[in-house]
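Undergrad: Attaching a single structure in structure tokens format; questions to follow.
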Amino acid sequence: MFPVVYSDYATSILSHLKQQGIDVGEMVAASGLPSDYRQTESTFLPLRAVFRLLEVTYHQLGDEKGTALIRKALRRHIVPNILADLDDCETLAQALKKVIRLIQVQIPQSEISLTPLGNGFIFSRHKTLGTDDSAFIWSEVFTLWIMIELIQAITKSNWLPKQVHVQSQSCSDVIRCFPGQIQFIRLVRCQV
């Protein structure tokens, strides 16, 4: 199966880049997105190209501005669309479980879980064997920001996780995209 993601993720990021006066044609070419990405209705785009767009955005804008742009794109476009599907949820746990199902529809190859642990939960974006680590780093960054923005919107707070388990080989690339108070632990997933 060819890994894909909803085009809305890329078009919202590109829209915000364009508002910053950045040549999005260059960003599209550098990321490997198809030149006809601007469709009037949602479609699917190659997952690797969308995560490469994130990487290029961070490299071009720097960590602080890249994070601000990604979060703004999520807050204005992606999060409201997901929240619209959560009306029937009565608890945060129900909402988060439904969010995971929605993300798995929008990013079909994502393997995401929410596992109870003590008084909290562990959210995981699992890495399958053979996954290119450079692409996976940006999938972890993007998925974690989606979850943070969604939880902040649902709880109407400035919530941040205390601890995040990551599977990327280069944990420092993930860490630099987030506030310093979050503790990152590299998790090695064993295959049986």
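Naming works like this for the structure tokens: A, B, ... for the chains as they're shown, residue 1 at the start of each chain, ligands 1 onward in shown order.
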Env of Gly62 of chain A: 12 Å cut, atoms = only C-alpha atoms, seq-sep filter 6 positions within chain, self excluded. Answer as a list in words.
TA: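 Those residues are Leu54, Glu55, Val56, Ala68, Leu69, Ile70, Asp173, Arg176 and Cys177 of chain A.
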Undergrad: Tell me, as a ChimeraX atom specification, which residues lie within 9 Å of Gly25 of chain A, counting only C-alpha atoms; anything in the same chain fewer than 4 positions away does not count.
TA: /A:29-30,35
Undergrad: Could you take the residues named above and write them with all heavy atoms, as a compact mmCIF listing (two decimals), in the first residue's frame?
TA:
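In the end it all went to out16.txt:
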# COMPACT_ATOMS: atom_id res chain seq x y z
N ALA A 29 8.15 21.90 -4.59
CA ALA A 29 9.18 21.16 -5.33
C ALA A 29 10.15 20.47 -4.37
O ALA A 29 10.48 19.29 -4.56
CB ALA A 29 9.93 22.10 -6.26
N ALA A 30 10.59 21.18 -3.33
CA ALA A 30 11.56 20.62 -2.38
C ALA A 30 10.97 19.46 -1.59
O ALA A 30 11.68 18.53 -1.21
CB ALA A 30 12.05 21.71 -1.42
N SER A 35 2.67 18.88 -8.28
CA SER A 35 2.40 20.29 -8.59
C SER A 35 0.92 20.61 -8.63
O SER A 35 0.52 21.76 -8.47
CB SER A 35 3.07 20.69 -9.91
OG SER A 35 2.60 19.85 -10.94
Undergrad: Out of A:Leu45, A:Val24, A:Ile146, A:Ile154, which residue has the shortest atom-to-atom distance to Ser7 of chain A when counting only C-alpha atoms?
TA: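 The shortest atom-to-atom distance to Ser7 of chain A comes from A:Leu45.
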Undergrad: Pick out the residues sitting within 8 Å of segment 109-125 of chain A, and hand them over as a ChimeraX atom specification; count only C-alpha atoms, and ignore anything fewer than 5 positions along from it in its own chain.
TA: /A:3-4,96-97,100,103-104,140,143,164-166
Undergrad: For the residues in that selection, give me C-alpha atoms as an mmCIF file, in the first residue's frame.
TA:
data_model
loop_
_atom_site.group_PDB
_atom_site.id
_atom_site.type_symbol
_atom_site.label_atom_id
_atom_site.label_comp_id
_atom_site.auth_asym_id
_atom_site.auth_seq_id
_atom_site.Cartn_x
_atom_site.Cartn_y
_atom_site.Cartn_z
ATOM 1 C CA PRO A 3 1.318 5.683 2.237
ATOM 2 C CA VAL A 4 -1.018 8.684 1.887
ATOM 3 C CA LEU A 96 -9.289 11.183 22.368
ATOM 4 C CA LYS A 97 -10.227 7.673 21.279
ATOM 5 C CA ILE A 100 -7.296 8.580 17.079
ATOM 6 C CA ILE A 103 -6.489 10.504 12.417
ATOM 7 C CA GLN A 104 -6.202 6.893 11.302
ATOM 8 C CA GLU A 140 5.959 12.116 15.325
ATOM 9 C CA THR A 143 1.018 13.867 15.282
ATOM 10 C CA VAL A 164 6.492 11.939 25.628
ATOM 11 C CA HIS A 165 7.829 8.614 24.400
ATOM 12 C CA VAL A 166 9.352 8.829 20.912
#
Undergrad: Using atom CA of Phe136 of chain A and atom CA of His77 of chain A as the two end points, give the distance in Å to one decimal.
TA: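 Rounded to one decimal, the two atoms are 22.8 Å apart.
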Undergrad: Work out how far apart atom CA of Met147 of chain A and atom CA of Val79 of chain A are and give it in Å to one decimal.
TA: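 Going from atom CA of Met147 of chain A over to atom CA of Val79 of chain A covers 9.2 Å.
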Undergrad: Taking the chain letters and numbering used in this document, name the residues of chain A that DSSP puts in helix (DSSP H, G or I), as a ChimeraX atom specification.
TA: /A:7-19,24-31,47-61,63-83,92-106,133-155,171-175
Undergrad: Go ahead and save the picked residues with C-alpha atoms, as a compact mmCIF listing (two decimals), in the first residue's frame.
TA:
# COMPACT_ATOMS: atom_id res chain seq x y z
CA SER A 7 -4.42 16.86 1.29
CA ASP A 8 -5.87 19.34 3.84
CA TYR A 9 -2.76 18.90 5.98
CA ALA A 10 -0.46 20.11 3.21
CA THR A 11 -2.76 22.80 1.80
CA SER A 12 -3.26 24.41 5.22
CA ILE A 13 0.51 24.52 5.85
CA LEU A 14 1.15 25.90 2.35
CA SER A 15 -1.58 28.53 2.81
CA HIS A 16 0.14 29.80 5.97
CA LEU A 17 3.55 29.75 4.27
CA LYS A 18 2.08 31.84 1.44
CA GLN A 19 0.71 34.35 4.00
CA VAL A 24 5.36 27.89 -1.91
CA GLY A 25 6.28 26.67 -5.40
CA GLU A 26 9.81 26.15 -4.14
CA MET A 27 8.51 24.40 -1.01
CA VAL A 28 6.25 22.12 -3.09
CA ALA A 29 9.18 21.16 -5.33
CA ALA A 30 11.56 20.62 -2.38
CA SER A 31 9.03 18.43 -0.55
CA LEU A 47 2.58 10.83 3.08
CA ARG A 48 6.34 11.11 2.63
CA ALA A 49 5.94 14.38 0.69
CA VAL A 50 3.72 15.95 3.37
CA PHE A 51 6.19 15.04 6.12
CA ARG A 52 9.01 16.31 3.92
CA LEU A 53 7.05 19.61 3.68
CA LEU A 54 7.18 19.79 7.49
CA GLU A 55 10.91 19.17 7.46
CA VAL A 56 11.50 21.81 4.78
CA THR A 57 9.29 24.28 6.68
CA TYR A 58 11.29 23.83 9.88
CA HIS A 59 14.60 24.12 8.03
CA GLN A 60 13.53 27.25 6.16
CA LEU A 61 11.82 29.07 9.04
CA ASP A 63 12.39 25.86 15.02
CA GLU A 64 10.43 28.70 16.65
CA LYS A 65 8.80 30.14 13.51
CA GLY A 66 8.28 26.66 12.02
CA THR A 67 6.48 25.50 15.16
CA ALA A 68 4.35 28.68 15.27
CA LEU A 69 3.32 28.22 11.64
CA ILE A 70 2.48 24.52 12.03
CA ARG A 71 0.46 25.21 15.19
CA LYS A 72 -1.42 28.06 13.50
CA ALA A 73 -2.27 25.84 10.52
CA LEU A 74 -3.51 23.14 12.90
CA ARG A 75 -5.57 25.58 15.02
CA ARG A 76 -7.25 27.26 12.08
CA HIS A 77 -7.87 24.35 9.73
CA ILE A 78 -7.23 20.82 10.99
CA VAL A 79 -8.35 21.00 14.64
CA PRO A 80 -11.75 22.67 13.93
CA ASN A 81 -12.55 19.97 11.35
CA ILE A 82 -11.73 17.21 13.82
CA LEU A 83 -13.58 18.93 16.70
CA LEU A 92 -11.95 13.59 27.25
CA ALA A 93 -11.05 9.89 27.03
CA GLN A 94 -13.95 9.26 24.60
CA ALA A 95 -12.92 12.30 22.55
CA LEU A 96 -9.29 11.18 22.37
CA LYS A 97 -10.23 7.67 21.28
CA LYS A 98 -12.42 9.12 18.54
CA VAL A 99 -9.64 11.54 17.52
CA ILE A 100 -7.30 8.58 17.08
CA ARG A 101 -9.84 6.85 14.82
CA LEU A 102 -10.25 10.07 12.80
CA ILE A 103 -6.49 10.50 12.42
CA GLN A 104 -6.20 6.89 11.30
CA VAL A 105 -8.79 7.63 8.58
CA GLN A 106 -6.94 10.78 7.49
CA ASP A 133 13.51 7.38 10.19
CA SER A 134 13.78 10.83 8.56
CA ALA A 135 10.11 10.65 7.55
CA PHE A 136 9.06 9.16 10.87
CA ILE A 137 10.62 12.02 12.87
CA TRP A 138 8.26 14.49 11.19
CA SER A 139 5.27 12.17 11.58
CA GLU A 140 5.96 12.12 15.33
CA VAL A 141 6.30 15.91 15.45
CA PHE A 142 3.10 16.49 13.47
CA THR A 143 1.02 13.87 15.28
CA LEU A 144 2.12 15.12 18.69
CA TRP A 145 1.26 18.73 17.78
CA ILE A 146 -2.16 17.59 16.52
CA MET A 147 -2.84 15.87 19.84
CA ILE A 148 -1.59 18.84 21.91
CA GLU A 149 -3.69 21.32 19.92
CA LEU A 150 -6.76 19.09 20.13
CA ILE A 151 -6.46 18.56 23.88
CA GLN A 152 -5.92 22.30 24.39
CA ALA A 153 -9.01 23.05 22.29
CA ILE A 154 -11.17 20.43 24.03
CA THR A 155 -10.08 21.45 27.56
CA CYS A 171 15.31 12.26 19.29
CA SER A 172 16.94 15.73 19.25
CA ASP A 173 15.15 16.61 15.98
CA VAL A 174 11.81 15.97 17.71
CA ILE A 175 12.72 17.66 20.99
Undergrad: Could you state the separation of atom CA of His126 of chain A and atom CA of Gly180 of chain A in Å, given to one decimal place?
TA: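 Computing the Euclidean distance for atom CA of His126 of chain A and atom CA of Gly180 of chain A yields 23.0 Å.
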Undergrad: With only C-alpha atoms as the atoms that count, which of A:Ile22, A:Cys89, A:Leu187, A:Ile182 lies nearest to Pro161 of chain A?
TA: A:Ile182
